[in-house]
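Source file: upload-v3.txt; contents: compact mmCIF, C-alpha atoms.
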# COMPACT_ATOMS: atom_id res chain seq x y z
CA MET W 1 0.75 -6.77 -5.53
CA ARG W 2 2.11 -10.09 -6.69
CA ASN W 3 0.04 -13.03 -7.92
CA GLY W 4 -3.10 -11.25 -6.76
CA GLN W 5 -1.78 -10.86 -3.21
CA TYR W 6 -1.31 -7.63 -1.29
CA LEU W 7 2.28 -7.25 -0.10
CA ARG W 8 2.34 -3.73 1.44
CA TYR W 9 -0.55 -2.33 3.49
CA VAL W 10 -0.45 1.22 4.87
CA ALA W 11 -3.11 2.74 7.12
CA LEU W 12 -3.69 6.51 7.26
CA GLY W 13 -6.00 8.26 9.71
CA ASP W 14 -6.68 9.44 13.24
CA SER W 15 -7.43 7.75 16.57
CA GLN W 16 -9.77 5.12 15.14
CA THR W 17 -7.08 3.90 12.74
CA GLU W 18 -4.43 4.19 15.46
CA GLY W 19 -6.54 1.70 17.42
CA VAL W 20 -7.87 3.73 20.35
CA GLY W 21 -10.58 1.74 22.13
CA ASP W 22 -8.90 -1.61 21.38
CA GLY W 23 -6.19 -2.00 24.01
CA ASP W 24 -4.35 0.89 25.64
CA ASP W 25 -1.03 2.71 25.70
CA VAL W 26 0.33 0.35 28.38
CA THR W 27 -0.54 -3.03 26.91
CA GLY W 28 -0.50 -1.78 23.32
CA LEU W 29 -3.18 -0.91 20.78
CA ARG W 30 -4.62 -3.24 18.20
CA GLY W 31 -7.49 -1.64 16.29
CA PHE W 32 -9.17 -2.35 12.98
CA ALA W 33 -6.05 -1.68 10.90
CA ASP W 34 -4.08 -4.33 12.78
CA ARG W 35 -7.04 -6.68 12.48
CA LEU W 36 -7.38 -6.00 8.75
CA ALA W 37 -3.65 -6.64 8.31
CA GLU W 38 -4.13 -9.99 10.00
CA ARG W 39 -6.97 -10.83 7.63
CA ILE W 40 -4.82 -9.87 4.63
CA ALA W 41 -2.00 -12.05 6.02
CA VAL W 42 -4.26 -15.10 5.91
CA VAL W 43 -4.29 -14.91 2.11
CA SER W 44 -1.02 -12.99 1.65
CA PRO W 45 1.42 -14.32 4.29
CA GLU W 46 4.24 -12.09 3.01
CA VAL W 47 2.32 -8.86 3.55
CA ARG W 48 4.00 -6.11 5.54
CA TYR W 49 2.03 -3.43 7.33
CA ALA W 50 2.57 0.17 8.49
CA ASN W 51 0.19 2.33 10.51
CA LEU W 52 0.80 6.08 10.19
CA ALA W 53 -2.31 7.21 12.09
CA VAL W 54 -2.13 9.61 15.03
CA ARG W 55 -5.04 10.43 17.30
CA GLY W 56 -6.60 13.89 17.19
CA ARG W 57 -5.57 14.61 13.62
CA LEU W 58 -7.87 16.59 11.33
CA ALA W 59 -8.28 15.47 7.72
CA GLY W 60 -5.94 18.20 6.51
CA GLN W 61 -3.31 17.12 9.02
CA VAL W 62 -3.62 13.48 7.95
CA ARG W 63 -3.04 14.62 4.37
CA ALA W 64 -0.12 16.91 5.24
CA GLU W 65 1.65 14.54 7.63
CA GLN W 66 0.84 11.04 6.39
CA LEU W 67 0.25 11.07 2.65
CA GLY W 68 3.89 11.70 1.68
CA PRO W 69 5.29 8.98 3.97
CA ALA W 70 2.56 6.61 2.80
CA LEU W 71 3.43 7.12 -0.88
CA ALA W 72 7.11 6.61 -0.05
CA LEU W 73 6.25 3.15 1.29
CA ARG W 74 4.72 2.25 -2.11
CA PRO W 75 1.67 0.43 -0.73
CA ASP W 76 -0.43 -1.78 -2.94
CA VAL W 77 -3.33 -1.43 -0.49
CA ALA W 78 -4.17 1.42 1.89
CA THR W 79 -7.00 2.53 4.15
CA VAL W 80 -7.81 6.23 4.40
CA ILE W 81 -10.26 7.15 7.15
CA ALA W 82 -10.39 10.75 8.36
CA GLY W 83 -12.83 13.55 9.04
CA VAL W 84 -14.50 12.72 12.37
CA ASN W 85 -12.32 15.18 14.28
CA ASP W 86 -13.26 17.85 11.74
CA LEU W 87 -17.01 17.40 12.10
CA LEU W 88 -16.75 17.84 15.86
CA ARG W 89 -15.14 21.27 15.43
CA PRO W 90 -17.31 24.42 15.63
CA ARG W 91 -16.35 25.62 12.14
CA PHE W 92 -16.77 22.35 10.28
CA ASP W 93 -16.75 22.68 6.49
CA PRO W 94 -17.80 19.39 4.83
CA ASP W 95 -16.47 20.44 1.43
CA GLU W 96 -13.04 21.35 2.79
CA THR W 97 -12.81 18.18 4.88
CA ALA W 98 -13.89 15.96 2.01
CA ALA W 99 -11.45 17.71 -0.33
CA HIS W 100 -8.55 16.62 1.87
CA VAL W 101 -9.84 13.05 1.93
CA GLU W 102 -10.35 13.05 -1.83
CA ALA W 103 -6.84 14.40 -2.41
CA MET W 104 -5.49 11.37 -0.55
CA PHE W 105 -7.71 9.04 -2.58
CA ALA W 106 -6.46 10.66 -5.80
CA ALA W 107 -2.76 10.54 -4.94
CA LEU W 108 -2.78 6.95 -3.73
CA THR W 109 -4.90 5.52 -6.54
CA ALA W 110 -2.79 7.40 -9.10
CA ALA W 111 0.22 5.58 -7.64
CA GLY W 112 -1.49 2.24 -8.25
CA THR W 113 -2.66 1.67 -4.68
CA ARG W 114 -5.96 -0.09 -3.94
CA VAL W 115 -7.65 2.21 -1.43
CA ALA W 116 -10.47 1.43 0.99
CA THR W 117 -12.51 3.68 3.27
CA VAL W 118 -15.75 3.73 5.27
CA THR W 119 -18.80 5.89 5.86
CA PHE W 120 -19.36 6.96 9.45
CA PRO W 121 -22.27 5.75 11.60
CA ASP W 122 -24.55 8.25 13.29
CA ILE W 123 -23.01 8.46 16.77
CA THR W 124 -25.99 10.47 18.00
CA ARG W 125 -27.88 7.17 18.27
CA ILE W 126 -25.65 6.22 21.20
CA ALA W 127 -24.81 9.74 22.39
CA PRO W 128 -28.08 11.73 22.16
CA ILE W 129 -26.41 14.81 23.59
CA ALA W 130 -24.37 15.01 20.37
CA ARG W 131 -27.52 15.23 18.20
CA PRO W 132 -26.53 18.56 16.58
CA VAL W 133 -23.70 16.84 14.66
CA ALA W 134 -26.02 14.37 12.88
CA PRO W 135 -26.45 16.55 9.75
CA ARG W 136 -22.66 16.96 9.61
CA ILE W 137 -22.15 13.19 9.60
CA HIS W 138 -24.63 12.78 6.74
CA ALA W 139 -23.02 15.63 4.78
CA LEU W 140 -19.53 14.17 5.13
CA ASN W 141 -20.70 10.66 4.24
CA GLU W 142 -22.32 11.91 1.03
CA ARG W 143 -19.08 13.57 -0.01
CA ILE W 144 -17.00 10.50 0.87
CA ARG W 145 -19.32 8.36 -1.28
CA GLY W 146 -18.87 10.70 -4.22
CA ALA W 147 -15.10 10.89 -3.84
CA ALA W 148 -14.81 7.11 -3.51
CA ALA W 149 -16.84 6.61 -6.68
CA ARG W 150 -14.72 9.09 -8.64
CA HIS W 151 -11.45 7.39 -7.72
CA GLY W 152 -12.47 3.74 -7.63
CA VAL W 153 -12.03 3.49 -3.86
CA ALA W 154 -13.49 0.43 -2.13
CA LEU W 155 -16.22 1.72 0.21
CA ALA W 156 -17.44 -0.10 3.31
CA GLU W 157 -20.90 1.33 3.93
CA THR W 158 -21.10 0.98 7.69
CA SER W 159 -23.46 3.93 8.22
CA PRO W 160 -26.78 2.37 7.08
CA HIS W 161 -26.62 -0.64 9.39
CA ALA W 162 -28.30 -0.54 12.80
CA ALA W 163 -25.59 -2.84 14.16
CA ALA W 164 -23.05 -0.02 13.73
CA THR W 165 -24.67 1.88 16.59
CA ASP W 166 -25.05 -1.03 18.98
CA PRO W 167 -23.44 0.25 22.22
CA ARG W 168 -21.46 -2.99 22.49
CA LEU W 169 -19.47 -1.95 19.42
CA TRP W 170 -18.38 1.28 21.10
CA ALA W 171 -15.95 2.10 23.88
CA THR W 172 -17.20 3.82 27.03
CA ASP W 173 -16.26 7.22 25.56
CA ARG W 174 -18.76 6.61 22.70
CA LEU W 175 -16.24 8.17 20.31
CA HIS W 176 -14.10 5.13 19.54
CA ALA W 177 -14.92 1.56 18.65
CA SER W 178 -14.62 -1.22 21.21
CA PRO W 179 -12.53 -4.31 20.37
CA LEU W 180 -15.67 -5.88 18.89
CA GLY W 181 -16.36 -2.69 16.94
CA HIS W 182 -12.82 -2.58 15.58
CA ASP W 183 -13.16 -6.20 14.48
CA ARG W 184 -16.37 -5.36 12.63
CA ILE W 185 -14.73 -2.42 10.86
CA ALA W 186 -11.91 -4.72 9.76
CA ALA W 187 -14.45 -7.24 8.48
CA ALA W 188 -16.33 -4.53 6.58
CA LEU W 189 -13.14 -3.33 4.91
CA ALA W 190 -12.12 -6.90 4.10
CA GLN W 191 -15.42 -7.41 2.29
CA ALA W 192 -15.10 -4.08 0.46
CA LEU W 193 -11.64 -5.15 -0.73
CA GLY W 194 -12.99 -8.55 -1.76
CA LEU W 195 -10.65 -10.56 0.46
CA PRO W 196 -11.27 -14.30 0.15
CA GLY W 197 -13.39 -15.55 3.01
CA SER W 198 -14.98 -12.18 3.75
CA ASP W 199 -18.77 -11.74 3.85
CA ASP W 200 -21.46 -9.43 5.19
CA SER W 201 -21.69 -10.96 8.67
CA TRP W 202 -20.17 -7.77 10.07
CA SER W 203 -23.37 -5.90 9.22
CA ARG W 204 -25.70 -8.23 11.10
CA ALA W 205 -27.21 -7.36 14.45
CA LEU W 206 -25.71 -8.82 17.62
CA GLU W 207 -27.71 -11.23 19.73
CA PRO W 208 -30.20 -9.22 21.79
CA ILE W 209 -29.58 -8.81 25.48
CA ALA W 210 -32.20 -8.73 28.18
CA SER W 211 -33.47 -5.18 28.43
CA THR W 212 -33.90 -3.40 31.72
CA ALA W 213 -36.25 -0.49 32.12
CA THR W 214 -34.42 2.80 32.51
CA SER W 215 -36.15 5.83 33.94
CA GLY W 216 -35.82 9.23 32.32
CA VAL W 217 -33.95 10.48 35.36
CA ARG W 218 -31.45 7.63 35.23
CA ALA W 219 -30.92 8.08 31.49
CA ALA W 220 -30.31 11.79 31.98
CA ALA W 221 -27.83 11.04 34.76
CA THR W 222 -25.97 8.65 32.46
CA GLU W 223 -25.71 11.33 29.79
CA LEU W 224 -24.42 13.87 32.30
CA ARG W 225 -21.75 11.44 33.55
CA TRP W 226 -20.64 10.80 29.98
CA ALA W 227 -20.52 14.53 29.26
CA ALA W 228 -18.47 15.18 32.41
CA GLY W 229 -16.12 12.26 31.89
CA PHE W 230 -15.50 12.45 28.14
CA LEU W 231 -17.17 15.37 26.37
CA GLY W 232 -16.04 17.97 28.92
CA PRO W 233 -12.33 17.09 28.76
CA TRP W 234 -12.51 16.98 24.95
CA LEU W 235 -14.07 20.46 24.81
CA LEU W 236 -11.49 21.78 27.28
CA ARG W 237 -8.65 20.60 25.04
CA ARG W 238 -10.27 22.37 22.08
CA LEU W 239 -10.61 25.63 24.03
CA GLN W 240 -6.97 25.38 25.09
CA GLY W 241 -5.82 24.65 21.55
CA ARG W 242 -4.58 21.20 22.55
CA SER W 243 -5.09 17.78 21.00
CA SER W 244 -4.99 14.23 22.34
CA GLY W 245 -2.30 13.62 19.75
CA ASP W 246 0.08 16.35 20.91
CA GLY W 247 3.58 14.93 21.24
CA ARG W 248 2.65 11.65 19.58
CA ALA W 249 3.96 10.02 16.44
CA ALA W 250 2.82 7.07 14.37
CA ARG W 251 3.16 3.86 16.34
CA ARG W 252 4.14 1.74 13.33
CA PRO W 253 5.78 4.05 10.76
CA GLU W 254 7.65 1.35 8.87
CA LEU W 255 6.44 -1.68 6.96
CA LEU W 256 6.81 -4.70 9.23
CA PRO W 257 5.66 -8.30 8.91
CA VAL W 258 2.21 -8.78 10.40
CA GLY W 259 2.54 -10.23 13.89
CA ILE W 260 5.52 -8.12 14.95
CA PRO W 261 4.25 -6.00 17.87
CA SER W 262 3.93 -2.30 17.22
CA ILE W 263 5.50 0.09 19.70
CA GLY W 264 3.27 2.75 21.25
CA THR W 265 4.50 6.31 21.51

Full structure transcribed into structure tokens:
Amino acid sequence: MRNGQYLRYVALGDSQTEGVGDGDDVTGLRGFADRLAERIAVVSPEVRYANLAVRGRLAGQVRAEQLGPALALRPDVATVIAGVNDLLRPRFDPDETAAHVEAMFAALTAAGTRVATVTFPDITRIAPIARPVAPRIHALNERIRGAAARHGVALAETSPHAAATDPRLWATDRLHASPLGHDRIAAALAQALGLPGSDDSWSRALEPIASTATSGVRAAATELRWAAGFLGPWLLRRLQGRSSGDGRAARRPELLPVGIPSIGT
């Protein structure tokens, strides 16, 4: 940091940080990390940005694969967001998952990096079929809050706000943010970091849309289509020991000026 400005921003995480849901592998991904980098660039035009995230990674994999390269880049600001892939696994251990996240908080803050993270919204509000994971989300959030407090990590509390589970903020797979959702995450992190010009508008509800009555049968059919189109393939990959991130690498592994297009892998 020079003259109060961030000069090196590094993002660590999984698919959400990679930008899935905001663009695609053909046209390129954007995502909240890109959007946050752009917000930092408004006040720190010389900032350079790297994104080490890879979809499908568990918290322990993010720590093992990304923490070392991140420290080598000597960031003065970093985002660390991981754990969602863990809580969707059958043998989820909130203490183990949070320990990996906290280890990243500890290493980065000890190196003088300003770190920011988020709490996770309850996705069961938009995907009722996933209701059994709700206690896991709450358990992980509580541990993230504690770890953030212990290490002075800036925390964007997205979980308490009803707006976070507005379907318009989520992609059709209900697992990743939509472009609007990614923009709101970036705004939340900007406020947590105290960037000039940031405020709490990200937490406010969207304008209501005209509601249409939905029968129980139609709602059930919608859930079944979602399960067949997104949940089923995800479960199949788990059973086969595969990940959506197999064969992929970070799309922006080096610090580059904000505005230079990242190259998808």

Can you work out which one of W:Asp122, W:Glu18, W:Glu65, W:Glu142 has the shortest atom-to-atom distance to Asp95 of chain W, counting only C-alpha atoms?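 Counting only C-alpha atoms, the residue closest to Asp95 of chain W is W:Glu142.
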
Could you check how far atom CA of Asp22 of chain W sits from atom CA of Phe120 of chain W, in Å to one decimal?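 Calculated distance between atom CA of Asp22 of chain W and atom CA of Phe120 of chain W is 18.0 Å.
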
Excluding Thr79 of chain W and any residue of its chain fewer than 4 positions from it, enumerate the residues within 10 Å of it, using only C-alpha atoms, and give them as a ChimeraX atom specification. /W:9-13,17,33,36,51,105,108,113-118,153-154,189

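In this model, the gap between atom CA of Ala205 of chain W and atom CA of Arg125 of chain W comes to 15.0 Å.
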
Considering only C-alpha atoms, return as a PyMOL selection string whatever protein or nucleic-acid residues lie within 7 Å of Val54 of chain W, sequence-local ones (same chain, fewer than 4 positions apart) excluded. chain W and resi 13-15+18+245+248-250

Counting all atoms listed in the file, which residue out of W:Val77, W:Val20, W:Val42, W:Val101 sits closest to Pro196 of chain W? W:Val42

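The residue that comes closest to Leu169 of chain W, out of W:Ala78, W:Ala103, W:Ile185, W:Ala156 and on the basis of only C-alpha atoms, is W:Ile185.
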
Option closest in space to Arg91 of chain W, from W:Ala64, W:Thr172, W:Arg136, W:Ala41 [counting only C-alpha atoms]: W:Arg136

I'd like to know which of W:Ala107, W:Leu7, W:Arg252, W:Gly181 is closest to Gly68 of chain W, using only C-alpha atoms.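 Ranking W:Ala107, W:Leu7, W:Arg252, W:Gly181 by distance to Gly68 of chain W, first place goes to W:Ala107.
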